[in-house]
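Asker: Below you'll find structure-v7.pdb; it's PDB, C-alpha atoms.
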```pdb
ATOM      1  CA  MET A  10      43.539 -98.593 -84.590
ATOM      2  CA  ASN A  11      42.353 -95.046 -84.160
ATOM      3  CA  GLU A  12      39.038 -95.929 -82.551
ATOM      4  CA  ILE A  13      38.741 -97.832 -79.301
ATOM      5  CA  ALA A  14      35.421 -99.484 -78.452
ATOM      6  CA  LEU A  15      33.974 -99.798 -74.964
ATOM      7  CA  ASP A  16      30.792-101.690 -74.156
ATOM      8  CA  CYS A  17      28.971-100.224 -71.138
ATOM      9  CA  ARG A  18      25.559-101.617 -71.968
ATOM     10  CA  GLY A  19      23.677-102.723 -68.877
ATOM     11  CA  LEU A  20      25.763-100.605 -66.519
ATOM     12  CA  LEU A  21      24.353 -97.789 -64.405
ATOM     13  CA  CYS A  22      25.943 -94.523 -63.273
ATOM     14  CA  PRO A  23      28.730 -94.137 -62.253
ATOM     15  CA  LEU A  24      30.064 -97.240 -63.993
ATOM     16  CA  PRO A  25      29.865 -96.153 -67.674
ATOM     17  CA  VAL A  26      31.682 -92.920 -66.887
ATOM     18  CA  TYR A  27      34.133 -94.720 -64.613
ATOM     19  CA  GLN A  28      34.944 -97.351 -67.261
ATOM     20  CA  ALA A  29      35.200 -94.653 -69.911
ATOM     21  CA  SER A  30      37.568 -92.620 -67.757
ATOM     22  CA  ARG A  31      39.937 -95.575 -67.473
ATOM     23  CA  ALA A  32      39.930 -95.906 -71.256
ATOM     24  CA  ILE A  33      40.394 -92.123 -71.617
ATOM     25  CA  ASN A  34      43.507 -92.347 -69.429
ATOM     26  CA  ARG A  35      45.066 -94.582 -72.091
ATOM     27  CA  LEU A  36      43.742 -92.632 -75.081
ATOM     28  CA  LEU A  37      46.445 -91.225 -77.348
ATOM     29  CA  PRO A  38      46.158 -87.822 -79.056
ATOM     30  CA  GLY A  39      43.982 -88.178 -82.144
ATOM     31  CA  GLN A  40      42.378 -91.383 -80.911
ATOM     32  CA  VAL A  41      38.636 -91.767 -80.484
ATOM     33  CA  LEU A  42      36.846 -93.681 -77.749
ATOM     34  CA  ARG A  43      33.506 -95.149 -78.797
ATOM     35  CA  VAL A  44      31.207 -96.021 -75.879
ATOM     36  CA  GLU A  45      27.870 -97.813 -76.002
ATOM     37  CA  CYS A  46      25.525 -97.333 -73.024
ATOM     38  CA  THR A  47      21.997 -98.111 -71.976
ATOM     39  CA  ASP A  48      21.739 -95.968 -68.812
ATOM     40  CA  PRO A  49      19.435 -93.123 -69.938
ATOM     41  CA  GLY A  50      21.471 -90.762 -67.750
ATOM     42  CA  SER A  51      24.391 -91.255 -70.131
ATOM     43  CA  LEU A  52      22.856 -88.814 -72.614
ATOM     44  CA  ALA A  53      23.459 -86.056 -70.081
ATOM     45  CA  ASP A  54      26.596 -87.545 -68.557
ATOM     46  CA  PHE A  55      28.835 -88.116 -71.571
ATOM     47  CA  PRO A  56      28.770 -84.520 -72.866
ATOM     48  CA  ALA A  57      29.686 -83.502 -69.306
ATOM     49  CA  LEU A  58      32.466 -86.111 -69.154
ATOM     50  CA  ALA A  59      33.877 -84.828 -72.442
ATOM     51  CA  ARG A  60      33.868 -81.262 -71.138
ATOM     52  CA  GLN A  61      35.454 -82.150 -67.833
ATOM     53  CA  ARG A  62      38.162 -84.318 -69.415
ATOM     54  CA  GLY A  63      38.864 -81.813 -72.196
ATOM     55  CA  LEU A  64      37.818 -84.189 -74.990
ATOM     56  CA  THR A  65      35.755 -83.441 -78.068
ATOM     57  CA  LEU A  66      32.360 -85.121 -78.215
ATOM     58  CA  VAL A  67      32.435 -86.071 -81.866
ATOM     59  CA  SER A  68      29.018 -87.715 -81.955
ATOM     60  CA  ALA A  69      26.166 -88.804 -79.738
ATOM     61  CA  GLU A  70      23.441 -91.033 -81.083
ATOM     62  CA  GLU A  71      20.622 -93.083 -79.667
ATOM     63  CA  ARG A  72      19.173 -96.085 -81.441
ATOM     64  CA  ASP A  73      16.865 -98.759 -80.032
ATOM     65  CA  GLY A  74      17.591 -97.702 -76.458
ATOM     66  CA  VAL A  75      21.368 -97.833 -76.936
ATOM     67  CA  GLN A  76      23.347 -94.622 -76.795
ATOM     68  CA  MET A  77      26.629 -94.369 -78.633
ATOM     69  CA  PHE A  78      29.195 -91.663 -77.966
ATOM     70  CA  ARG A  79      32.461 -90.863 -79.696
ATOM     71  CA  LEU A  80      35.011 -88.899 -77.685
ATOM     72  CA  ARG A  81      38.263 -87.699 -79.232
ATOM     73  CA  ARG A  82      41.460 -86.640 -77.550
ATOM     74  CA  GLU A  83      42.697 -83.771 -79.683
ATOM     75  CA  LEU A  84      46.321 -83.390 -80.674
ATOM     76  CA  ALA A  85      48.120 -81.380 -78.007
ATOM     77  CA  ALA A  86      47.420 -77.664 -78.547
TER      78      ALA A  86
ATOM     79  CA  MET B   2      30.676 -89.823 -89.198
ATOM     80  CA  SER B   3      27.269 -88.378 -88.367
ATOM     81  CA  THR B   4      26.572 -85.927 -85.618
ATOM     82  CA  ALA B   5      23.110 -86.385 -84.216
ATOM     83  CA  ALA B   6      20.948 -83.546 -83.012
ATOM     84  CA  VAL B   7      21.331 -84.606 -79.385
ATOM     85  CA  VAL B   8      24.747 -82.911 -79.321
ATOM     86  CA  ASP B   9      24.461 -79.325 -78.214
ATOM     87  CA  PRO B  10      27.494 -77.758 -79.969
ATOM     88  CA  GLU B  11      28.069 -75.401 -77.078
ATOM     89  CA  ARG B  12      28.247 -78.290 -74.628
ATOM     90  CA  ALA B  13      30.270 -80.464 -76.950
ATOM     91  CA  ALA B  14      33.204 -78.074 -77.169
ATOM     92  CA  PRO B  15      36.094 -79.111 -74.937
ATOM     93  CA  VAL B  16      36.852 -76.637 -72.183
ATOM     94  CA  PRO B  17      40.350 -76.415 -70.737
ATOM     95  CA  VAL B  18      39.775 -76.950 -67.036
ATOM     96  CA  LYS B  19      41.938 -76.511 -64.003
ATOM     97  CA  THR B  20      41.882 -79.500 -61.697
ATOM     98  CA  ARG B  21      38.642 -79.315 -59.785
ATOM     99  CA  ARG B  22      38.175 -80.441 -56.219
ATOM    100  CA  LEU B  23      35.257 -82.166 -54.474
ATOM    101  CA  ALA B  24      34.950 -82.219 -50.687
ATOM    102  CA  LEU B  25      32.376 -84.558 -49.161
ATOM    103  CA  VAL B  26      31.219 -85.150 -45.619
ATOM    104  CA  ALA B  27      29.878 -88.692 -45.133
ATOM    105  CA  SER B  28      27.889 -88.730 -41.907
ATOM    106  CA  LYS B  29      25.592 -91.726 -42.305
ATOM    107  CA  GLY B  30      26.425 -95.286 -41.327
ATOM    108  CA  THR B  31      23.690 -97.016 -43.300
ATOM    109  CA  LEU B  32      24.050 -98.970 -46.544
ATOM    110  CA  ASP B  33      21.817 -96.531 -48.413
ATOM    111  CA  GLY B  34      23.723 -93.650 -46.840
ATOM    112  CA  ALA B  35      27.116 -95.046 -47.874
ATOM    113  CA  TYR B  36      26.474 -95.273 -51.592
ATOM    114  CA  PRO B  37      25.851 -91.605 -52.500
ATOM    115  CA  PRO B  38      29.203 -90.245 -51.270
ATOM    116  CA  LEU B  39      31.072 -93.226 -52.751
ATOM    117  CA  ILE B  40      29.315 -92.866 -56.107
ATOM    118  CA  LEU B  41      29.980 -89.127 -56.197
ATOM    119  CA  ALA B  42      33.632 -89.754 -55.339
ATOM    120  CA  ALA B  43      34.022 -92.400 -58.075
ATOM    121  CA  THR B  44      32.386 -90.056 -60.567
ATOM    122  CA  ALA B  45      34.568 -87.102 -59.630
ATOM    123  CA  VAL B  46      37.687 -89.258 -59.935
ATOM    124  CA  SER B  47      36.483 -90.241 -63.407
ATOM    125  CA  LEU B  48      36.279 -86.561 -64.324
ATOM    126  CA  GLY B  49      39.863 -86.083 -63.215
ATOM    127  CA  TRP B  50      38.965 -84.219 -60.031
ATOM    128  CA  GLU B  51      40.691 -84.297 -56.666
ATOM    129  CA  VAL B  52      38.406 -85.746 -54.015
ATOM    130  CA  GLY B  53      38.403 -85.880 -50.233
ATOM    131  CA  ILE B  54      35.777 -87.464 -47.999
ATOM    132  CA  PHE B  55      35.487 -86.669 -44.298
ATOM    133  CA  PHE B  56      33.955 -89.699 -42.552
ATOM    134  CA  THR B  57      32.362 -88.472 -39.376
ATOM    135  CA  PHE B  58      30.019 -89.857 -36.714
ATOM    136  CA  TYR B  59      28.180 -92.910 -38.050
ATOM    137  CA  GLY B  60      29.729 -92.269 -41.448
ATOM    138  CA  LEU B  61      32.972 -93.570 -39.943
ATOM    139  CA  ASP B  62      31.491 -97.095 -40.257
ATOM    140  CA  ILE B  63      31.935 -96.809 -44.048
ATOM    141  CA  ILE B  64      35.718 -97.016 -43.576
ATOM    142  CA  HIS B  65      35.581 -99.409 -40.600
ATOM    143  CA  LYS B  66      37.278-102.678 -41.616
ATOM    144  CA  LYS B  67      34.529-104.915 -40.260
ATOM    145  CA  ARG B  68      31.491-102.666 -40.130
ATOM    146  CA  HIS B  69      31.639-101.496 -43.745
ATOM    147  CA  ARG B  70      30.705-105.060 -44.750
ATOM    148  CA  ARG B  71      27.672-105.057 -42.461
ATOM    149  CA  LEU B  72      26.029-101.729 -43.216
ATOM    150  CA  LYS B  73      22.247-101.961 -43.130
ATOM    151  CA  VAL B  74      19.177-100.318 -44.567
ATOM    152  CA  PRO B  75      16.906 -99.246 -41.715
ATOM    153  CA  ALA B  76      13.328-100.450 -42.118
ATOM    154  CA  LEU B  77      12.036 -98.312 -39.259
ATOM    155  CA  GLY B  78      10.971 -94.797 -40.213
ATOM    156  CA  ASN B  79      11.763 -95.377 -43.887
ATOM    157  CA  PRO B  80       8.691 -94.432 -45.932
ATOM    158  CA  ALA B  81      10.458 -95.220 -49.208
ATOM    159  CA  MET B  82      10.317 -99.002 -48.792
ATOM    160  CA  PRO B  83       9.067-100.705 -51.998
ATOM    161  CA  VAL B  84       6.058-102.137 -50.195
ATOM    162  CA  PRO B  85       4.596 -99.281 -48.165
ATOM    163  CA  MET B  86       5.385-100.450 -44.694
ATOM    164  CA  PRO B  87       3.529 -99.208 -41.658
ATOM    165  CA  SER B  88       6.049 -97.773 -39.203
ATOM    166  CA  LEU B  89       5.114-100.309 -36.551
ATOM    167  CA  LEU B  90       5.888-103.177 -38.933
ATOM    168  CA  GLY B  91       9.258-101.627 -39.663
ATOM    169  CA  ALA B  92      10.010-101.937 -35.965
ATOM    170  CA  MET B  93       9.508-105.700 -36.001
ATOM    171  CA  PRO B  94      12.565-107.891 -35.596
ATOM    172  CA  GLY B  95      14.070-108.947 -38.902
ATOM    173  CA  MET B  96      12.663-106.120 -40.990
ATOM    174  CA  THR B  97      16.024-104.351 -41.220
ATOM    175  CA  ALA B  98      17.573-107.583 -42.485
ATOM    176  CA  VAL B  99      14.816-107.833 -45.095
ATOM    177  CA  ALA B 100      15.348-104.253 -46.279
ATOM    178  CA  THR B 101      19.130-104.719 -46.332
ATOM    179  CA  GLY B 102      18.925-107.971 -48.280
ATOM    180  CA  MET B 103      16.601-106.335 -50.769
ATOM    181  CA  MET B 104      18.971-103.449 -51.464
ATOM    182  CA  LYS B 105      21.963-105.771 -51.772
ATOM    183  CA  ARG B 106      20.048-107.822 -54.356
ATOM    184  CA  TRP B 107      19.137-104.705 -56.322
ATOM    185  CA  MET B 108      22.734-103.581 -56.323
ATOM    186  CA  LYS B 109      24.027-106.977 -57.399
ATOM    187  CA  ARG B 110      21.417-107.259 -60.148
ATOM    188  CA  SER B 111      22.517-103.853 -61.451
ATOM    189  CA  ARG B 112      26.175-104.980 -61.326
ATOM    190  CA  MET B 113      26.871-102.153 -58.903
ATOM    191  CA  PRO B 114      30.092-102.483 -56.882
ATOM    192  CA  ASP B 115      29.681-103.096 -53.149
ATOM    193  CA  VAL B 116      30.981-100.667 -50.529
ATOM    194  CA  GLY B 117      34.392-102.375 -50.335
ATOM    195  CA  GLN B 118      34.808-102.231 -54.110
ATOM    196  CA  PHE B 119      33.852 -98.556 -54.154
ATOM    197  CA  LEU B 120      36.482 -97.923 -51.478
ATOM    198  CA  ASP B 121      39.031 -99.639 -53.753
ATOM    199  CA  ILE B 122      37.949 -97.430 -56.668
ATOM    200  CA  ALA B 123      38.306 -94.375 -54.433
ATOM    201  CA  ARG B 124      41.796 -95.297 -53.269
ATOM    202  CA  GLU B 125      42.973 -96.177 -56.783
ATOM    203  CA  GLY B 126      41.738 -92.752 -57.855
ATOM    204  CA  GLY B 127      43.708 -91.039 -55.108
ATOM    205  CA  VAL B 128      40.669 -90.026 -53.040
ATOM    206  CA  ARG B 129      41.708 -88.778 -49.625
ATOM    207  CA  LEU B 130      39.791 -90.619 -46.923
ATOM    208  CA  PHE B 131      39.702 -88.509 -43.774
ATOM    209  CA  ALA B 132      38.720 -90.370 -40.597
ATOM    210  CA  CYS B 133      37.254 -87.962 -38.066
ATOM    211  CA  SER B 134      39.480 -88.199 -35.004
ATOM    212  CA  THR B 135      36.764 -86.885 -32.686
ATOM    213  CA  THR B 136      34.404 -89.655 -33.752
ATOM    214  CA  MET B 137      37.172 -92.192 -33.210
ATOM    215  CA  GLY B 138      37.674 -90.862 -29.680
ATOM    216  CA  VAL B 139      33.981 -90.686 -28.849
ATOM    217  CA  MET B 140      33.169 -94.116 -30.236
ATOM    218  CA  GLY B 141      36.356 -95.887 -29.215
ATOM    219  CA  VAL B 142      37.511 -96.663 -32.752
ATOM    220  CA  ARG B 143      41.239 -97.345 -33.135
ATOM    221  CA  ALA B 144      43.385 -96.619 -36.186
ATOM    222  CA  GLU B 145      43.826-100.367 -36.779
ATOM    223  CA  ASP B 146      40.022-100.771 -36.964
ATOM    224  CA  LEU B 147      39.929 -98.696 -40.147
ATOM    225  CA  VAL B 148      40.593 -99.761 -43.733
ATOM    226  CA  GLU B 149      44.021 -99.109 -45.245
ATOM    227  CA  GLY B 150      44.903 -95.739 -46.622
ATOM    228  CA  VAL B 151      42.914 -93.377 -44.403
ATOM    229  CA  ASP B 152      44.164 -90.117 -42.908
ATOM    230  CA  ILE B 153      43.166 -89.578 -39.297
ATOM    231  CA  ALA B 154      42.317 -85.917 -39.061
ATOM    232  CA  GLY B 155      40.267 -83.341 -37.239
ATOM    233  CA  ALA B 156      37.775 -80.993 -38.815
ATOM    234  CA  THR B 157      40.522 -78.393 -39.254
ATOM    235  CA  ALA B 158      42.545 -80.509 -41.666
ATOM    236  CA  PHE B 159      39.422 -81.379 -43.620
ATOM    237  CA  LEU B 160      38.310 -77.746 -43.830
ATOM    238  CA  ASP B 161      41.794 -76.819 -45.003
ATOM    239  CA  PHE B 162      41.308 -79.325 -47.875
ATOM    240  CA  ALA B 163      37.703 -78.183 -48.446
ATOM    241  CA  ALA B 164      38.653 -74.485 -48.516
ATOM    242  CA  ALA B 165      40.101 -75.063 -51.982
ATOM    243  CA  ALA B 166      37.136 -77.160 -53.167
ATOM    244  CA  ASP B 167      34.899 -76.245 -56.068
ATOM    245  CA  VAL B 168      32.082 -78.453 -54.821
ATOM    246  CA  SER B 169      31.385 -79.297 -51.164
ATOM    247  CA  LEU B 170      28.556 -81.573 -50.093
ATOM    248  CA  PHE B 171      27.301 -82.933 -46.792
ATOM    249  CA  VAL B 172      25.792 -86.378 -47.206
TER     250      VAL B 172
END
```
What's the structure tokens form of this structure?
Answerer:
Amino acid sequence: MNEIALDCRGLLCPLPVYQASRAINRLLPGQVLRVECTDPGSLADFPALARQRGLTLVSAEERDGVQMFRLRRELAA
Amino acid sequence: MSTAAVVDPERAAPVPVKTRRLALVASKGTLDGAYPPLILAATAVSLGWEVGIFFTFYGLDIIHKKRHRRLKVPALGNPAMPVPMPSLLGAMPGMTAVATGMMKRWMKRSRMPDVGQFLDIAREGGVRLFACSTTMGVMGVRAEDLVEGVDIAGATAFLDFAAAADVSLFV
């Protein structure tokens, strides 16, 4: 499976980012982590997490109060 | 796969980063004073940063084996209480227990880890916990009174760590 799903709905900062970071630690090159959140701060936090962890933020969407982010670990440069 | 407009392409691009370092001073021994440094530390660990926290003066209670479980929210002189509380009322016996119980309920309802769980997160993430040796001497705290995994150190050792920090905050 090339996409790993993580449900962080109902969690507040720093928990979505903390849970995501644990999943990122296990993410293989080319794999995508898909995170769903409801903390409105996540819209600002996940682009920052991607930058700090050197991942590509493939998509960020918000629908019915749920934010969904896709973060990809690129193949080693 | 759709890319929504909320992604600023400039911010979405991955940036190769050197390992960043966060140095915190935790100086408050209240429940509400313990959370901000612990949350910042957990966040920085999540970003892959190195983190060190210098626990000094009342902040030392955050890493005190027994006292970290009994941190309180002061009702006296706290104008941010949910029900505006006249200062004199805040001085009444039991009001600190009320304020503390209220915050603990909020935290639990939000599924927020307690102080002990945040300390576990910090240690798992390799956060260096510096216990201020001067505070220990002044307040009669012994090494065995502190949680596992702390470094007893003076301000010099902490500043040596903080000298290489990208972000330094006094909480």
Asker: Please return, as a list in words, all residues of chain A lying within 6 Å of chain B when all atoms listed in the file are considered.
Answerer: Pro23, Tyr27, Ser30, Pro56, Arg60, Gln61, Arg62, Gly63, Leu64, Thr65, Leu66, Ser68, Ala69 and Glu70 of chain A
Asker: Between B:Ile153, B:Val168, B:Val74, B:Met104, which is the closest to Gly91 in chain B once you count only C-alpha atoms?
Answerer: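 Ranked by minimum distance to Gly91 in chain B, first place goes to B:Val74.
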Asker: Apply the PyMOL selection byres ((chain A and resi 78) around 12) to the displayed file and report the matching residues as a compact mmCIF listing (two decimals) with C-alpha atoms, keeping the file's coordinate frame.
Answerer:
```txt
# COMPACT_ATOMS: atom_id res chain seq x y z
CA GLU A 12 39.04 -95.93 -82.55
CA ILE A 13 38.74 -97.83 -79.30
CA ALA A 14 35.42 -99.48 -78.45
CA LEU A 15 33.97 -99.80 -74.96
CA ASP A 16 30.79 -101.69 -74.16
CA CYS A 17 28.97 -100.22 -71.14
CA PRO A 25 29.86 -96.15 -67.67
CA VAL A 26 31.68 -92.92 -66.89
CA ALA A 29 35.20 -94.65 -69.91
CA VAL A 41 38.64 -91.77 -80.48
CA LEU A 42 36.85 -93.68 -77.75
CA ARG A 43 33.51 -95.15 -78.80
CA VAL A 44 31.21 -96.02 -75.88
CA GLU A 45 27.87 -97.81 -76.00
CA CYS A 46 25.52 -97.33 -73.02
CA THR A 47 22.00 -98.11 -71.98
CA SER A 51 24.39 -91.26 -70.13
CA LEU A 52 22.86 -88.81 -72.61
CA ALA A 53 23.46 -86.06 -70.08
CA ASP A 54 26.60 -87.54 -68.56
CA PHE A 55 28.84 -88.12 -71.57
CA PRO A 56 28.77 -84.52 -72.87
CA ALA A 57 29.69 -83.50 -69.31
CA LEU A 58 32.47 -86.11 -69.15
CA ALA A 59 33.88 -84.83 -72.44
CA LEU A 64 37.82 -84.19 -74.99
CA THR A 65 35.76 -83.44 -78.07
CA LEU A 66 32.36 -85.12 -78.22
CA VAL A 67 32.44 -86.07 -81.87
CA SER A 68 29.02 -87.72 -81.96
CA ALA A 69 26.17 -88.80 -79.74
CA GLU A 70 23.44 -91.03 -81.08
CA GLU A 71 20.62 -93.08 -79.67
CA ARG A 72 19.17 -96.08 -81.44
CA VAL A 75 21.37 -97.83 -76.94
CA GLN A 76 23.35 -94.62 -76.80
CA MET A 77 26.63 -94.37 -78.63
CA ARG A 79 32.46 -90.86 -79.70
CA LEU A 80 35.01 -88.90 -77.68
CA ARG A 81 38.26 -87.70 -79.23
CA MET B 2 30.68 -89.82 -89.20
CA SER B 3 27.27 -88.38 -88.37
CA THR B 4 26.57 -85.93 -85.62
CA ALA B 5 23.11 -86.38 -84.22
CA VAL B 7 21.33 -84.61 -79.39
CA VAL B 8 24.75 -82.91 -79.32
CA ALA B 13 30.27 -80.46 -76.95
```
Asker: Within 12 Å of Arg143 in chain B, counting only C-alpha atoms, which residues show up once you throw out same-chain ones fewer than 2 positions away? Write them as number ranges by chain, please.
Answerer: B: 61, 64-66, 132-141, 145-148, 153
Asker: Have a look at CA of Gly102 in chain B and CA of Lys73 in chain B and let me know their distance in Å, one decimal.
Answerer: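 These two atoms are separated by 8.6 Å.
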Asker: Any idea what the distance is between CA of Glu51 in chain B and CA of Leu120 in chain B?
Answerer: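 These two atoms are separated by 15.2 Å.
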Asker: Using only C-alpha atoms, which residue out of B:Met103, B:Leu89, B:Leu130, B:Leu170 lies closest to Ala154 in chain B?
Answerer: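 Of B:Met103, B:Leu89, B:Leu130, B:Leu170, the one nearest Ala154 in chain B, counting only C-alpha atoms, is B:Leu130.
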Asker: Can you sort out the box for range 47-65 of chain A, edges along x, y and z, all listed atoms in, 4 Å on every side, with centre and edge lengths in Å to one decimal, as AutoDock Vina command-line options?
Answerer:
```
--center_x 29.1 --center_y -89.7 --center_z -72.9 --size_x 27.4 --size_y 24.8 --size_z 18.3
```
Asker: Could you tell me, as a list in words, exactly which residues end up selected when the PyMOL selection byres ((chain B and resi 159) around 9) is applied to this structure?
Answerer: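 Residues picked by the PyMOL selection byres ((chain B and resi 159) around 9): Ala24, Gly53, Ile54, Phe55, Phe131, Cys133, Ala154, Gly155, Ala156, Thr157, Ala158, Leu160, Asp161, Phe162, Ala163 and Ala164 of chain B.
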Asker: So, counting only C-alpha atoms, which residue among B:Met82, B:Leu77, B:Lys109, B:Glu125 is closest to Pro94 in chain B?
Answerer: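 Among B:Met82, B:Leu77, B:Lys109, B:Glu125, it is B:Leu77 that comes nearest to Pro94 in chain B.
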Asker: Return the single residue from B:Ala98, B:Val52, B:Ala144, B:Ile63 that is closest to Thr31 in chain B, with distances computed using only C-alpha atoms.
Answerer: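 Going through B:Ala98, B:Val52, B:Ala144, B:Ile63 one by one, the smallest distance to Thr31 in chain B is for B:Ile63.
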Asker: Using the chain letters and numbers from the file, give me the residues hit by the PyMOL selection byres ((chain B and resi 78) around 10), as number ranges by chain.
Answerer: B: 75-77, 79-82, 86-92
Asker: Place a sphere of radius 6 Å on (29.4, -84.8, -50.7) in the file coordinates and name every protein, DNA or RNA residue with an atom inside or on its surface, counting all atoms listed in the file; give the answer as an mmCIF file with C-alpha atoms, in the coordinates of the input.
Answerer:
```
data_model
loop_
_atom_site.group_PDB
_atom_site.id
_atom_site.type_symbol
_atom_site.label_atom_id
_atom_site.label_comp_id
_atom_site.auth_asym_id
_atom_site.auth_seq_id
_atom_site.Cartn_x
_atom_site.Cartn_y
_atom_site.Cartn_z
ATOM 1 C CA LEU B 25 32.376 -84.558 -49.161
ATOM 2 C CA VAL B 26 31.219 -85.150 -45.619
ATOM 3 C CA PRO B 38 29.203 -90.245 -51.270
ATOM 4 C CA SER B 169 31.385 -79.297 -51.164
ATOM 5 C CA LEU B 170 28.556 -81.573 -50.093
ATOM 6 C CA PHE B 171 27.301 -82.933 -46.792
ATOM 7 C CA VAL B 172 25.792 -86.378 -47.206
#
```
Asker: CA of Leu20 in chain A to CA of Gly50 in chain A: how many Å, to one decimal?
Answerer: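 Separation between CA of Leu20 in chain A and CA of Gly50 in chain A: 10.8 Å.
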Asker: Can you work out which one of B:Gly150, B:Met93, B:Arg129, B:Arg71 has the shortest atom-to-atom distance to Arg22 in chain B, counting only C-alpha atoms?
Answerer: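 Checking each of B:Gly150, B:Met93, B:Arg129, B:Arg71 against Arg22 in chain B, counting only C-alpha atoms, the winner is B:Arg129.
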Asker: I need range 123-138 of chain B from the structure I supplied, saved as a CSV table (one decimal), in the first residue's frame with N, CA and C atoms retained.
Answerer:
```csv
chain,number,residue,atom,x,y,z
B,123,ALA,N,8.4,13.3,25.8
B,123,ALA,CA,9.6,14.1,25.8
B,123,ALA,C,10.8,13.1,25.8
B,124,ARG,N,10.8,12.2,26.8
B,124,ARG,CA,12.0,11.3,26.9
B,124,ARG,C,12.1,10.4,25.7
B,125,GLU,N,10.9,9.9,25.2
B,125,GLU,CA,11.0,9.0,24.0
B,125,GLU,C,11.6,9.8,22.9
B,126,GLY,N,11.3,11.1,22.8
B,126,GLY,CA,11.8,11.9,21.7
B,126,GLY,C,13.3,12.4,21.9
B,127,GLY,N,13.9,12.0,23.0
B,127,GLY,CA,15.3,12.3,23.3
B,127,GLY,C,15.4,13.8,23.8
B,128,VAL,N,14.4,14.3,24.4
B,128,VAL,CA,14.5,15.7,24.9
B,128,VAL,C,15.4,15.6,26.2
B,129,ARG,N,16.3,16.6,26.2
B,129,ARG,CA,17.2,16.6,27.4
B,129,ARG,C,16.5,17.4,28.5
B,130,LEU,N,16.3,16.8,29.6
B,130,LEU,CA,15.7,17.4,30.8
B,130,LEU,C,16.7,17.9,31.8
B,131,PHE,N,17.0,19.2,31.8
B,131,PHE,CA,18.0,19.7,32.7
B,131,PHE,C,17.4,20.1,34.0
B,132,ALA,N,17.8,19.5,35.1
B,132,ALA,CA,17.3,20.0,36.4
B,132,ALA,C,18.3,21.0,37.0
B,133,CYS,N,17.8,22.1,37.3
B,133,CYS,CA,18.7,23.2,37.8
B,133,CYS,C,19.2,22.9,39.2
B,134,SER,N,20.5,22.7,39.2
B,134,SER,CA,21.2,22.3,40.5
B,134,SER,C,21.1,23.3,41.6
B,135,THR,N,21.0,24.6,41.2
B,135,THR,CA,20.9,25.6,42.2
B,135,THR,C,19.5,25.5,42.9
B,136,THR,N,18.5,25.3,42.1
B,136,THR,CA,17.1,25.2,42.7
B,136,THR,C,17.1,24.0,43.6
B,137,MET,N,17.7,22.9,43.2
B,137,MET,CA,17.7,21.7,44.0
B,137,MET,C,18.4,22.0,45.4
B,138,GLY,N,19.5,22.8,45.3
B,138,GLY,CA,20.2,23.1,46.6
B,138,GLY,C,19.3,24.0,47.4
```
